[in-house]
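Novice: Handing over model-v9.txt, compact mmCIF, C-alpha atoms and all ligand atoms.
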```txt
# COMPACT_ATOMS: atom_id res chain seq x y z
CA MET A 25 110.69 95.39 121.84
CA THR A 26 107.64 93.32 122.70
CA ALA A 27 104.97 92.24 120.26
CA ARG A 28 102.15 94.69 119.72
CA LYS A 29 98.83 93.84 121.35
CA HIS A 30 96.32 92.51 118.85
CA HIS A 31 92.81 91.13 118.89
CA ILE A 32 91.67 88.62 116.27
CA ILE A 33 88.17 88.63 114.77
CA GLU A 34 86.88 86.09 112.25
CA SER A 35 85.04 87.73 109.35
CA SER A 36 82.09 85.38 109.85
CA ARG A 37 81.34 87.33 113.04
CA LEU A 38 81.05 90.56 111.02
CA PHE A 39 79.67 89.65 107.61
CA THR A 40 76.96 87.25 106.47
CA ASP A 41 78.25 86.49 102.96
CA ILE A 42 81.79 85.17 103.05
CA PRO A 43 82.41 83.91 99.51
CA VAL A 44 83.67 80.34 99.19
CA LYS A 45 84.84 78.92 95.86
CA THR A 46 86.16 75.40 95.45
CA LEU A 47 88.70 74.32 92.88
CA SER A 48 87.62 72.25 89.88
CA ASN A 49 90.10 69.37 90.13
CA PRO A 50 90.97 67.99 93.58
CA ASP A 51 93.60 65.72 91.99
CA ALA A 52 95.56 68.48 90.23
CA GLY A 53 99.21 69.12 91.12
CA ILE A 54 100.43 71.77 93.56
CA ILE A 55 101.28 74.47 91.03
CA ASP A 56 98.10 73.89 89.01
CA LYS A 57 95.96 74.19 92.12
CA VAL A 58 97.74 77.32 93.25
CA LYS A 59 97.24 78.76 89.75
CA GLU A 60 93.51 78.00 89.71
CA SER A 61 93.13 79.44 93.21
CA GLY A 62 94.18 82.87 91.92
CA LEU A 63 96.71 83.30 94.73
CA VAL A 64 99.10 86.23 94.44
CA GLY A 65 101.80 87.37 96.88
CA MET A 66 99.83 88.71 99.84
CA GLY A 67 102.76 90.49 101.43
CA GLY A 68 102.22 93.37 99.03
CA ALA A 69 104.03 92.34 95.84
CA GLY A 70 100.97 90.77 94.21
CA PHE A 71 103.07 88.51 91.96
CA PRO A 72 101.15 85.36 90.94
CA THR A 73 102.25 82.61 93.33
CA PHE A 74 102.12 79.81 90.76
CA LYS A 75 104.64 81.72 88.65
CA LYS A 76 106.89 82.23 91.67
CA LEU A 77 106.80 78.49 92.39
CA ALA A 78 107.31 77.53 88.75
CA PHE A 79 110.19 80.00 88.37
CA GLY A 80 111.69 78.79 91.65
CA LYS A 81 112.02 75.17 90.48
CA GLY A 82 115.48 73.94 91.38
CA CYS A 83 115.98 76.40 94.27
CA GLU A 84 117.48 74.89 97.41
CA THR A 85 115.53 76.85 100.03
CA VAL A 86 112.03 78.21 100.58
CA ILE A 87 111.85 80.92 103.23
CA ALA A 88 108.57 81.83 104.94
CA ASN A 89 108.64 85.60 105.41
CA GLY A 90 107.21 86.09 108.90
CA ALA A 91 108.97 89.40 109.50
CA GLU A 92 105.71 91.35 109.88
CA CYS A 93 107.83 94.30 109.01
CA GLU A 94 105.41 97.22 108.86
CA PRO A 95 104.62 98.79 112.24
CA LEU A 96 101.03 98.35 113.53
CA LEU A 97 100.24 95.45 111.16
CA GLU A 98 99.75 92.18 113.02
CA HIS A 99 97.80 89.83 110.76
CA ASN A 100 100.80 87.73 109.65
CA ASN A 101 101.95 87.35 113.22
CA ALA A 102 98.40 86.40 114.24
CA ARG A 103 98.19 83.68 111.57
CA MET A 104 101.44 82.16 112.78
CA GLU A 105 99.94 82.08 116.26
CA THR A 106 96.57 80.55 115.34
CA ASP A 107 97.33 78.63 112.14
CA ALA A 108 100.95 77.59 112.47
CA ALA A 109 100.15 74.12 111.09
CA LYS A 110 98.58 75.53 107.90
CA VAL A 111 101.49 77.93 107.36
CA LEU A 112 103.99 75.09 107.79
CA SER A 113 101.91 72.81 105.56
CA GLY A 114 101.94 75.55 102.88
CA LEU A 115 105.70 75.87 103.30
CA THR A 116 106.17 72.11 102.96
CA LEU A 117 104.00 72.05 99.81
CA SER A 118 105.94 74.99 98.34
CA MET A 119 109.25 73.22 99.07
CA ARG A 120 107.93 70.19 97.19
CA ALA A 121 106.68 72.30 94.28
CA VAL A 122 110.14 73.78 93.71
CA GLY A 123 112.11 70.71 94.83
CA ALA A 124 113.76 72.54 97.76
CA LYS A 125 115.45 70.51 100.49
CA ARG A 126 115.49 73.31 103.04
CA GLY A 127 112.59 75.22 104.58
CA ILE A 128 112.99 78.17 106.93
CA VAL A 129 110.58 80.39 108.82
CA ALA A 130 112.12 83.85 109.30
CA ILE A 131 110.54 85.56 112.29
CA LYS A 132 111.32 88.16 114.97
CA PRO A 133 111.87 86.71 118.46
CA LYS A 134 109.54 89.35 119.95
CA ASN A 135 106.64 87.41 118.40
CA ALA A 136 107.19 84.77 121.03
CA LEU A 137 103.73 83.15 120.95
CA ALA A 138 104.00 82.59 117.19
CA VAL A 139 107.48 81.11 117.65
CA ARG A 140 106.18 78.72 120.32
CA ARG A 141 103.21 77.63 118.19
CA LEU A 142 105.42 77.01 115.14
CA GLN A 143 107.88 75.01 117.23
CA ALA A 144 105.06 72.97 118.77
CA VAL A 145 103.81 71.99 115.30
CA LEU A 146 107.32 71.09 114.17
CA ASP A 147 107.75 68.94 117.30
CA ALA A 148 104.45 67.21 116.51
CA ALA A 149 105.58 66.68 112.90
CA ALA A 150 108.79 65.06 114.17
CA GLU A 151 106.69 62.70 116.31
CA GLY A 152 104.32 61.98 113.41
CA SER A 153 101.33 63.58 115.14
CA ALA A 154 100.93 66.87 113.20
CA ASP A 155 97.54 67.62 111.64
CA TYR A 156 99.04 67.92 108.15
CA ASP A 157 101.99 66.63 106.17
CA ILE A 158 104.77 68.90 107.45
CA ASP A 159 108.53 68.64 106.98
CA PRO A 160 109.85 68.34 110.56
CA ASP A 161 113.27 69.66 109.52
CA ILE A 162 111.94 73.16 108.79
CA GLU A 163 114.10 75.63 110.72
CA ILE A 164 113.07 78.75 112.61
CA VAL A 165 115.55 81.60 112.11
CA PHE A 166 115.37 84.87 114.03
CA LEU A 167 115.43 88.27 112.36
CA LYS A 168 116.55 91.55 113.91
CA ASP A 169 113.70 93.79 115.03
CA ARG A 170 114.30 96.52 112.49
CA TYR A 171 112.67 97.87 109.37
CA PRO A 172 112.89 96.60 106.59
CA ALA A 173 113.72 93.13 107.90
CA GLY A 174 111.00 91.71 105.63
CA ASP A 175 112.43 93.00 102.37
CA GLU A 176 113.14 89.88 100.27
CA ARG A 177 116.81 90.71 99.76
CA ALA A 178 117.17 91.63 103.45
CA ILE A 179 115.74 88.25 104.41
CA VAL A 180 118.08 86.40 102.03
CA ARG A 181 121.03 88.37 103.43
CA ASP A 182 120.08 87.89 107.09
CA VAL A 183 119.04 84.23 106.79
CA LEU A 184 121.41 82.86 104.15
CA GLY A 185 124.28 85.35 104.40
CA THR A 186 124.15 86.42 100.73
CA LEU A 187 123.80 90.11 99.82
CA LEU A 188 122.18 90.18 96.40
CA PRO A 189 122.61 93.10 93.99
CA PRO A 190 119.66 95.54 93.89
CA ASP A 191 118.23 94.14 90.66
CA ALA A 192 118.47 90.48 91.75
CA ILE A 193 115.67 88.31 93.11
CA PRO A 194 116.04 85.57 95.76
CA SER A 195 116.45 82.82 93.13
CA ALA A 196 119.93 84.26 92.55
CA ALA A 197 120.70 82.82 96.02
CA SER A 198 118.79 79.62 95.18
CA ALA A 199 115.91 80.74 97.40
CA VAL A 200 112.20 81.46 97.13
CA VAL A 201 110.72 83.88 99.71
CA MET A 202 107.00 83.69 100.46
CA ASN A 203 104.78 85.66 102.81
CA VAL A 204 103.17 83.57 105.59
CA GLU A 205 99.58 84.39 104.61
CA SER A 206 100.39 83.31 101.05
CA LEU A 207 101.75 80.03 102.44
CA MET A 208 98.58 79.44 104.45
CA ARG A 209 96.59 79.98 101.27
CA VAL A 210 98.84 77.54 99.38
CA HIS A 211 97.68 75.04 102.01
CA ASN A 212 94.06 76.14 101.54
CA ALA A 213 94.31 75.62 97.77
CA VAL A 214 96.20 72.33 97.74
CA VAL A 215 94.80 70.58 100.83
CA GLU A 216 91.35 72.15 101.14
CA ASN A 217 90.67 72.86 97.43
CA LEU A 218 89.80 76.50 98.10
CA ALA A 219 90.24 79.44 95.75
CA VAL A 220 91.31 82.81 97.15
CA THR A 221 88.27 84.95 97.90
CA THR A 222 89.33 86.65 101.13
CA LYS A 223 92.24 88.56 102.69
CA ASP A 224 93.48 88.98 106.26
CA ILE A 225 93.89 92.61 107.28
CA THR A 226 94.81 94.73 110.29
CA VAL A 227 92.73 97.72 111.36
CA ALA A 228 94.64 100.14 113.57
CA GLY A 229 95.20 103.74 114.58
CA HIS A 230 92.23 105.84 115.63
CA ILE A 231 89.74 103.02 116.15
CA GLU A 232 87.30 104.80 118.47
CA GLY A 233 83.95 103.01 118.56
CA SER A 234 85.45 99.54 118.17
CA GLY A 235 85.70 99.02 121.91
CA PHE A 236 89.51 98.73 121.71
CA PRO A 237 92.07 101.35 122.68
CA ASP A 238 94.41 102.80 120.05
CA ASP A 239 97.35 100.68 121.23
CA VAL A 240 95.58 97.52 120.00
CA SER A 241 95.60 96.32 116.40
CA ILE A 242 92.40 94.60 115.29
CA VAL A 243 93.19 91.64 113.05
CA VAL A 244 90.28 90.61 110.84
CA TYR A 245 90.65 87.19 109.23
CA ASP A 246 89.22 86.49 105.79
CA VAL A 247 87.70 89.81 104.78
CA PRO A 248 85.88 89.26 101.46
CA ILE A 249 87.97 90.69 98.63
CA GLY A 250 86.19 93.64 97.03
CA LEU A 251 84.58 94.89 100.22
CA LYS A 252 84.97 98.62 100.81
CA VAL A 253 86.87 100.20 103.69
CA ARG A 254 83.61 101.76 104.94
CA ASP A 255 82.01 98.26 105.17
CA VAL A 256 84.88 96.99 107.32
CA LEU A 257 84.88 100.03 109.60
CA ASP A 258 81.08 99.91 109.96
CA ALA A 259 81.16 96.22 110.85
CA LEU A 260 83.76 96.92 113.54
CA HIS A 261 81.81 99.99 114.75
CA VAL A 262 84.88 102.12 114.18
CA HIS A 263 83.93 105.78 113.89
CA THR A 264 83.66 107.21 110.38
CA PRO A 265 86.94 109.06 109.84
CA THR A 266 86.54 112.83 109.86
CA PRO A 267 87.51 114.75 106.69
CA ASP A 268 90.84 115.77 108.22
CA GLU A 269 91.77 112.21 109.22
CA GLN A 270 93.95 110.14 106.93
CA ILE A 271 93.14 106.56 105.85
CA MET A 272 96.20 104.51 105.04
CA ILE A 273 95.70 101.37 102.98
CA GLY A 274 98.61 99.13 103.99
CA GLY A 275 101.41 99.79 106.44
CA PRO A 276 102.69 103.21 107.56
CA TYR A 277 105.90 102.90 105.48
CA MET A 278 104.78 101.49 102.16
CA GLY A 279 101.02 101.94 102.14
CA SER A 280 99.16 104.56 100.16
CA LEU A 281 96.44 106.93 101.23
CA GLY A 282 92.95 105.74 100.42
CA SER A 283 89.36 106.56 101.25
CA LEU A 284 86.20 104.98 102.60
CA ASP A 285 85.53 103.78 99.06
CA SER A 286 88.86 101.96 98.70
CA GLU A 287 88.45 98.23 98.15
CA ILE A 288 90.09 95.40 100.05
CA GLY A 289 92.34 93.70 97.52
CA GLU A 290 94.65 90.66 97.61
CA THR A 291 97.63 92.79 98.65
CA CYS A 292 95.84 95.07 101.12
CA GLY A 293 97.57 94.69 104.46
CA GLY A 294 95.50 97.01 106.52
CA ILE A 295 93.45 100.08 107.21
CA ILE A 296 95.10 102.63 109.49
CA ILE A 297 93.30 105.80 110.52
CA ALA A 298 95.41 108.75 111.66
CA GLY A 299 95.02 112.40 112.42
CA PRO A 300 96.21 115.19 110.15
CA GLU A 301 99.90 116.03 109.67
CA ILE A 302 101.26 118.39 112.32
CA PRO A 303 102.03 121.78 110.68
CA ASP A 304 105.66 122.87 110.32
CA PRO A 305 105.74 125.97 108.19
CA GLY A 306 109.56 126.29 108.03
CA PRO A 307 111.53 125.45 104.86
CA MET A 308 111.75 121.65 104.62
CA GLY A 309 113.96 119.18 102.79
CA ILE A 310 113.09 115.64 101.78
CA ILE A 311 115.28 112.56 101.64
CA VAL A 312 113.71 109.82 99.54
CA CYS A 313 114.71 106.23 100.19
CA ALA A 314 113.93 102.90 98.58
CA CYS A 315 112.24 101.34 101.57
CA GLY A 316 109.54 103.82 102.47
CA ALA A 317 107.06 106.38 101.21
CA SER A 318 107.35 107.45 97.59
CA GLU A 319 108.63 110.89 96.64
CA GLU A 320 105.06 111.77 95.66
CA ARG A 321 103.76 110.93 99.14
CA LEU A 322 106.61 112.78 100.84
CA ARG A 323 105.88 115.87 98.75
CA ALA A 324 102.21 115.62 99.74
CA ILE A 325 103.18 115.48 103.44
CA VAL A 326 105.35 118.60 103.06
CA GLU A 327 102.40 120.35 101.44
CA ALA A 328 100.05 119.18 104.20
CA LYS A 329 102.45 120.59 106.77
CA GLY A 330 102.32 123.95 104.98
CA ALA A 331 106.09 124.01 104.41
CA PRO A 332 107.97 125.37 101.42
CA LEU A 333 110.04 122.56 99.86
CA VAL A 334 113.75 123.31 99.69
CA ASP A 335 115.12 120.25 97.92
CA VAL A 336 114.65 116.53 97.37
CA ARG A 337 117.64 114.26 97.90
CA LEU A 338 118.12 110.51 97.67
CA CYS A 339 119.39 108.12 100.35
CA LYS A 340 122.96 107.11 99.43
CA ASN A 341 121.95 103.46 99.43
CA ALA A 342 119.01 103.93 97.05
CA CYS A 343 119.54 103.31 93.34
CA ARG A 344 117.10 103.46 90.46
CA LEU A 345 116.61 100.33 88.36
CA PRO A 346 116.00 100.54 84.58
CA ASN A 347 112.25 100.05 85.26
CA GLY A 348 112.25 103.24 87.34
CA ARG A 349 111.86 101.51 90.72
CA LEU A 350 114.09 102.49 93.62
CA LYS A 351 116.00 99.67 95.32
CA CYS A 352 118.29 99.71 98.31
CA ARG A 353 121.85 98.43 97.89
CA ASN A 354 121.86 96.97 101.40
CA PRO A 355 118.36 97.15 102.95
CA GLY A 356 118.27 98.47 106.48
CA ILE A 357 122.04 98.98 106.84
CA CYS A 358 122.61 102.72 106.83
CA PRO A 359 125.39 104.27 104.74
CA GLY A 360 125.20 107.49 106.81
CA GLN A 361 122.97 110.46 106.04
CA ALA A 362 125.18 113.34 107.26
CA GLN A 363 126.02 114.52 103.71
CA ASN A 364 122.33 114.85 102.79
CA ILE A 365 121.41 116.61 106.03
CA ILE A 366 124.30 119.11 105.78
CA ALA A 367 123.42 119.84 102.14
CA LEU A 368 119.75 120.49 103.02
CA LYS A 369 120.82 122.72 105.91
CA LYS A 370 123.04 124.75 103.56
CA GLU A 371 120.09 125.14 101.20
CA GLY A 372 118.07 126.72 104.00
CA ALA A 373 116.00 123.82 105.35
CA THR A 374 115.03 124.09 108.99
CA SER A 375 113.54 120.61 109.04
CA VAL A 376 113.79 117.37 107.12
CA LEU A 377 111.19 114.78 106.19
CA ILE A 378 112.39 111.20 105.87
CA SER A 379 110.86 107.77 105.41
CA HIS A 380 114.00 105.88 106.29
CA CYS A 381 114.63 102.47 107.75
CA THR A 382 115.29 102.37 111.49
CA ASP A 383 119.07 102.40 111.03
CA CYS A 384 119.07 105.45 108.72
CA SER A 385 116.56 107.28 110.92
CA ASN A 386 119.03 106.79 113.73
CA THR A 387 121.87 108.39 111.76
CA VAL A 388 119.65 111.31 110.76
CA MET A 389 118.94 111.85 114.45
CA GLN A 390 122.66 111.90 115.18
CA VAL A 391 123.16 114.86 112.83
CA ALA A 392 120.03 116.94 112.15
CA PRO A 393 119.14 118.05 115.72
CA LYS A 394 122.77 119.15 116.28
CA LEU A 395 122.34 121.46 113.29
CA GLY A 396 119.11 122.80 114.76
CA MET A 397 116.89 120.93 112.28
CA ARG A 398 113.62 119.26 113.19
CA VAL A 399 113.11 115.71 111.93
CA HIS A 400 109.81 114.34 110.64
CA HIS A 401 109.17 110.78 109.52
CA ALA A 402 106.51 109.84 106.97
CA THR A 403 105.07 107.35 109.45
CA ASP A 404 104.69 109.84 112.32
CA ALA A 405 100.94 110.47 112.11
CA PHE A 406 100.23 106.74 111.93
CA MET A 407 102.60 105.77 114.73
CA ARG A 408 101.05 108.45 116.95
CA ALA A 409 97.56 107.23 116.04
CA GLY A 410 98.51 103.69 116.99
CA ASP A 411 100.07 104.88 120.23
CA GLU A 412 103.48 103.53 119.18
CA PRO A 413 106.89 105.20 119.57
CA ILE A 414 107.72 107.32 116.52
CA ILE A 415 110.57 106.07 114.30
CA ARG A 416 113.67 107.97 115.27
CA ALA A 417 116.40 105.95 116.92
CA PHE A 418 117.40 102.30 116.74
CA ARG A 419 117.30 100.60 120.16
CA LYS A 420 116.07 103.83 121.67
CA THR A 421 112.37 104.62 121.55
CA VAL A 422 110.89 108.10 121.52
CA LYS A 423 107.35 108.25 122.87
CA ALA A 424 105.01 110.20 120.62
CA ALA A 425 104.04 113.64 121.89
S1 LIG A 501 119.65 102.51 103.60
FE1 LIG A 501 118.25 104.05 102.70
S2 LIG A 501 117.19 103.03 101.02
FE2 LIG A 501 118.16 101.46 102.28
S3 LIG A 501 116.64 100.78 103.71
FE3 LIG A 501 117.75 102.42 104.74
S4 LIG A 501 116.66 104.33 104.25
FE4 LIG A 501 115.94 102.74 102.86
```
Translate this file's structure into structure tokens.

Specialist:
Amino acid sequence: MTARKHHIIESSRLFTDIPVKTLSNPDAGIIDKVKESGLVGMGGAGFPTFKKLAFGKGCETVIANGAECEPLLEHNNARMETDAAKVLSGLTLSMRAVGAKRGIVAIKPKNALAVRRLQAVLDAAAEGSADYDIDPDIEIVFLKDRYPAGDERAIVRDVLGTLLPPDAIPSAASAVVMNVESLMRVHNAVVENLAVTTKDITVAGHIEGSGFPDDVSIVVYDVPIGLKVRDVLDALHVHTPTPDEQIMIGGPYMGSLGSLDSEIGETCGGIIIAGPEIPDPGPMGIIVCACGASEERLRAIVEAKGAPLVDVRLCKNACRLPNGRLKCRNPGICPGQAQNIIALKKEGATSVLISHCTDCSNTVMQVAPKLGMRVHHATDAFMRAGDEPIIRAFRKTVKAA
């Protein structure tokens, strides 16, 4: 796979009032500055970053999560291309805050420009000519191009070789995992004394009016937090979505449907506009997994397709934690879905709706069509809108109809 085409726009070209707030004490320590900045995990978790750093004290490794896992989203990749030095400065500061000796950037090799820019900064750091104080021994480690490569436990497994139990967090492997935009904003807080007032986002899908074709993702840097989706679309001259179009806030897998009145928050990864679900009025089964759309969203898609729901089953790898959240036992490594598909077929389903990782989608495709069942993926409408291959088979792409 090659990197998706993207075009970067600074918010200052779109909006007149970009809020700037400086921190009160330029001499405060790293964790105190991060705390005052209000930074939370910008990869989607929203956990306060100062708590993550404080809790991570004593961990051996800090990993920059540059997986850019969700299809269509490109803003993390873009930041590694244009602001590699700030990301690596944030990583170095985070290593110091927790006392870690090892720093790693986990990234997919398809994002070749970002890899080159990161390496160039590390080379400059080794020669003593980098713009900021950067640990030159930070390593770049490649991830497989699959979903969910950016899941924290998947990153720890693929980078450090430790498969954590579903209820464990990276500290159990002596690691702290941080999203690359969060790391850049650690730099902004500690080096530039700036509080968090903005968020990078990707706008993709049906972006008619913007001047870009649908196979381009528009990355907008530093969108003021609190702005509405309609303000962003208006500023980009993107058409106002029609009532039957869907607006996804976040990525196609894990995002949730929103509206023109939805606000850009600290964890908002993007705005994706897609057409309506394609009808499939035959009896349909659902397989819920831990890495994709919620059962609620899958049920809503079945309803939108006009299909009677036959049954809801759970991916064999998904388990429910005491807090009710689903977690995967081994993210992205499929246990086989034949049992679920055969059971749904016996119950009368003529099609199945999944939201699986690439590996599981592949195994579904090895079974369901042979039984005469159609396969739908929760991301289909959004992948089609972004002119990307729909998620069906690993290493084999299926062009959207
Ligand atoms: S194995 Fe199942 S729960 Fe785990 S990532 Fe794949 S689809 Fe999701």

Novice: Got a sec to check which residues lie within 9 Å of ligand LIG 501 (chain A), using all atoms listed in the file, and send them as an NGL selection string?

Specialist: :A and (171-172 or 175 or 311-316 or 338-343 or 350-361 or 378-385)

Novice: Given only C-alpha atoms, how would the per-residue table for range 36-125 of chain A near range 183-199 of chain A read, listing every residue at most 9 Å away with its closest atom pair and distance in Å to one decimal, sorted by chain and number, as a Markdown table?

Specialist:
```
| residue | atom | partner | partner_atom | distance |
| --- | --- | --- | --- | --- |
| A:Phe79 | CA | A:Ser195 | CA | 8.4 |
| A:Gly80 | CA | A:Ser195 | CA | 6.4 |
| A:Gly82 | CA | A:Ser198 | CA | 7.6 |
| A:Cys83 | CA | A:Ser198 | CA | 4.4 |
| A:Glu84 | CA | A:Ser198 | CA | 5.4 |
| A:Thr85 | CA | A:Ala199 | CA | 4.7 |
| A:Val86 | CA | A:Ala199 | CA | 5.6 |
| A:Ile87 | CA | A:Ala199 | CA | 7.1 |
| A:Ala124 | CA | A:Ala199 | CA | 8.5 |
```

Novice: Which residues of range 162-215 of chain A sit at most 8 Å from range 53-58 of chain A, using all atoms listed in the file? Give each one's shortest atom pair and distance in Å (one decimal place), in chain and ascending residue order, as JSON lines.

Specialist:
```
{"residue": "A:Val210", "atom": "CA", "partner": "A:Val58", "partner_atom": "CA", "distance": 6.2}
{"residue": "A:Ala213", "atom": "CA", "partner": "A:Val58", "partner_atom": "CA", "distance": 5.9}
{"residue": "A:Val214", "atom": "CA", "partner": "A:Lys57", "partner_atom": "CA", "distance": 5.9}
```

Novice: What does the distance between CA of Tyr245 in chain A and CA of Ser118 in chain A come to in Å, to one decimal place?

Specialist: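 If I compute the distance from CA of Tyr245 in chain A to CA of Ser118 in chain A, I get 22.4 Å.
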
Novice: Please provide as a ChimeraX atom specification all residues within 12 Å of range 152-154 of chain A, with the sequence filter that same-chain residues fewer than 4 positions apart are discarded (counting all atoms listed in the file).

Specialist: /A:108-110,112-113,142-148,158-160

Novice: Copy range 252-267 of chain A out of the block into a file, keeping N, CA and C atoms, as a PDB file, in the first residue's frame.

Specialist:
```pdb
ATOM      1  N   LYS A 252     -17.629  24.441  15.244  1.00  0.00           N
ATOM      2  CA  LYS A 252     -18.598  23.437  14.796  1.00  0.00           C
ATOM      3  C   LYS A 252     -18.173  22.859  13.443  1.00  0.00           C
ATOM      4  N   VAL A 253     -18.660  21.658  13.163  1.00  0.00           N
ATOM      5  CA  VAL A 253     -18.363  21.012  11.883  1.00  0.00           C
ATOM      6  C   VAL A 253     -18.755  21.920  10.732  1.00  0.00           C
ATOM      7  N   ARG A 254     -19.918  22.590  10.847  1.00  0.00           N
ATOM      8  CA  ARG A 254     -20.367  23.443   9.731  1.00  0.00           C
ATOM      9  C   ARG A 254     -19.362  24.569   9.466  1.00  0.00           C
ATOM     10  N   ASP A 255     -18.723  25.108  10.544  1.00  0.00           N
ATOM     11  CA  ASP A 255     -17.750  26.191  10.371  1.00  0.00           C
ATOM     12  C   ASP A 255     -16.545  25.698   9.570  1.00  0.00           C
ATOM     13  N   VAL A 256     -16.113  24.466   9.884  1.00  0.00           N
ATOM     14  CA  VAL A 256     -14.939  23.913   9.194  1.00  0.00           C
ATOM     15  C   VAL A 256     -15.279  23.658   7.723  1.00  0.00           C
ATOM     16  N   LEU A 257     -16.434  23.046   7.486  1.00  0.00           N
ATOM     17  CA  LEU A 257     -16.817  22.747   6.099  1.00  0.00           C
ATOM     18  C   LEU A 257     -17.005  24.037   5.305  1.00  0.00           C
ATOM     19  N   ASP A 258     -17.648  25.040   5.917  1.00  0.00           N
ATOM     20  CA  ASP A 258     -17.842  26.325   5.221  1.00  0.00           C
ATOM     21  C   ASP A 258     -16.498  26.939   4.847  1.00  0.00           C
ATOM     22  N   ALA A 259     -15.569  26.929   5.805  1.00  0.00           N
ATOM     23  CA  ALA A 259     -14.260  27.550   5.557  1.00  0.00           C
ATOM     24  C   ALA A 259     -13.517  26.857   4.421  1.00  0.00           C
ATOM     25  N   LEU A 260     -13.759  25.551   4.279  1.00  0.00           N
ATOM     26  CA  LEU A 260     -13.090  24.798   3.206  1.00  0.00           C
ATOM     27  C   LEU A 260     -13.900  24.801   1.912  1.00  0.00           C
ATOM     28  N   HIS A 261     -15.083  25.442   1.957  1.00  0.00           N
ATOM     29  CA  HIS A 261     -16.007  25.472   0.818  1.00  0.00           C
ATOM     30  C   HIS A 261     -16.514  24.080   0.442  1.00  0.00           C
ATOM     31  N   VAL A 262     -16.487  23.185   1.389  1.00  0.00           N
ATOM     32  CA  VAL A 262     -17.070  21.851   1.150  1.00  0.00           C
ATOM     33  C   VAL A 262     -18.583  22.008   1.139  1.00  0.00           C
ATOM     34  N   HIS A 263     -19.246  21.322   0.229  1.00  0.00           N
ATOM     35  CA  HIS A 263     -20.698  21.423   0.131  1.00  0.00           C
ATOM     36  C   HIS A 263     -21.359  21.083   1.466  1.00  0.00           C
ATOM     37  N   THR A 264     -22.510  21.643   1.727  1.00  0.00           N
ATOM     38  CA  THR A 264     -23.259  21.265   2.926  1.00  0.00           C
ATOM     39  C   THR A 264     -23.829  19.870   2.699  1.00  0.00           C
ATOM     40  N   PRO A 265     -23.496  18.912   3.578  1.00  0.00           N
ATOM     41  CA  PRO A 265     -23.986  17.552   3.353  1.00  0.00           C
ATOM     42  C   PRO A 265     -25.509  17.511   3.230  1.00  0.00           C
ATOM     43  N   THR A 266     -25.977  16.708   2.294  1.00  0.00           N
ATOM     44  CA  THR A 266     -27.422  16.569   2.101  1.00  0.00           C
ATOM     45  C   THR A 266     -27.992  15.735   3.256  1.00  0.00           C
ATOM     46  N   PRO A 267     -29.311  15.794   3.473  1.00  0.00           N
ATOM     47  CA  PRO A 267     -29.887  15.063   4.614  1.00  0.00           C
ATOM     48  C   PRO A 267     -29.601  13.560   4.572  1.00  0.00           C
TER      49      PRO A 267
END
```
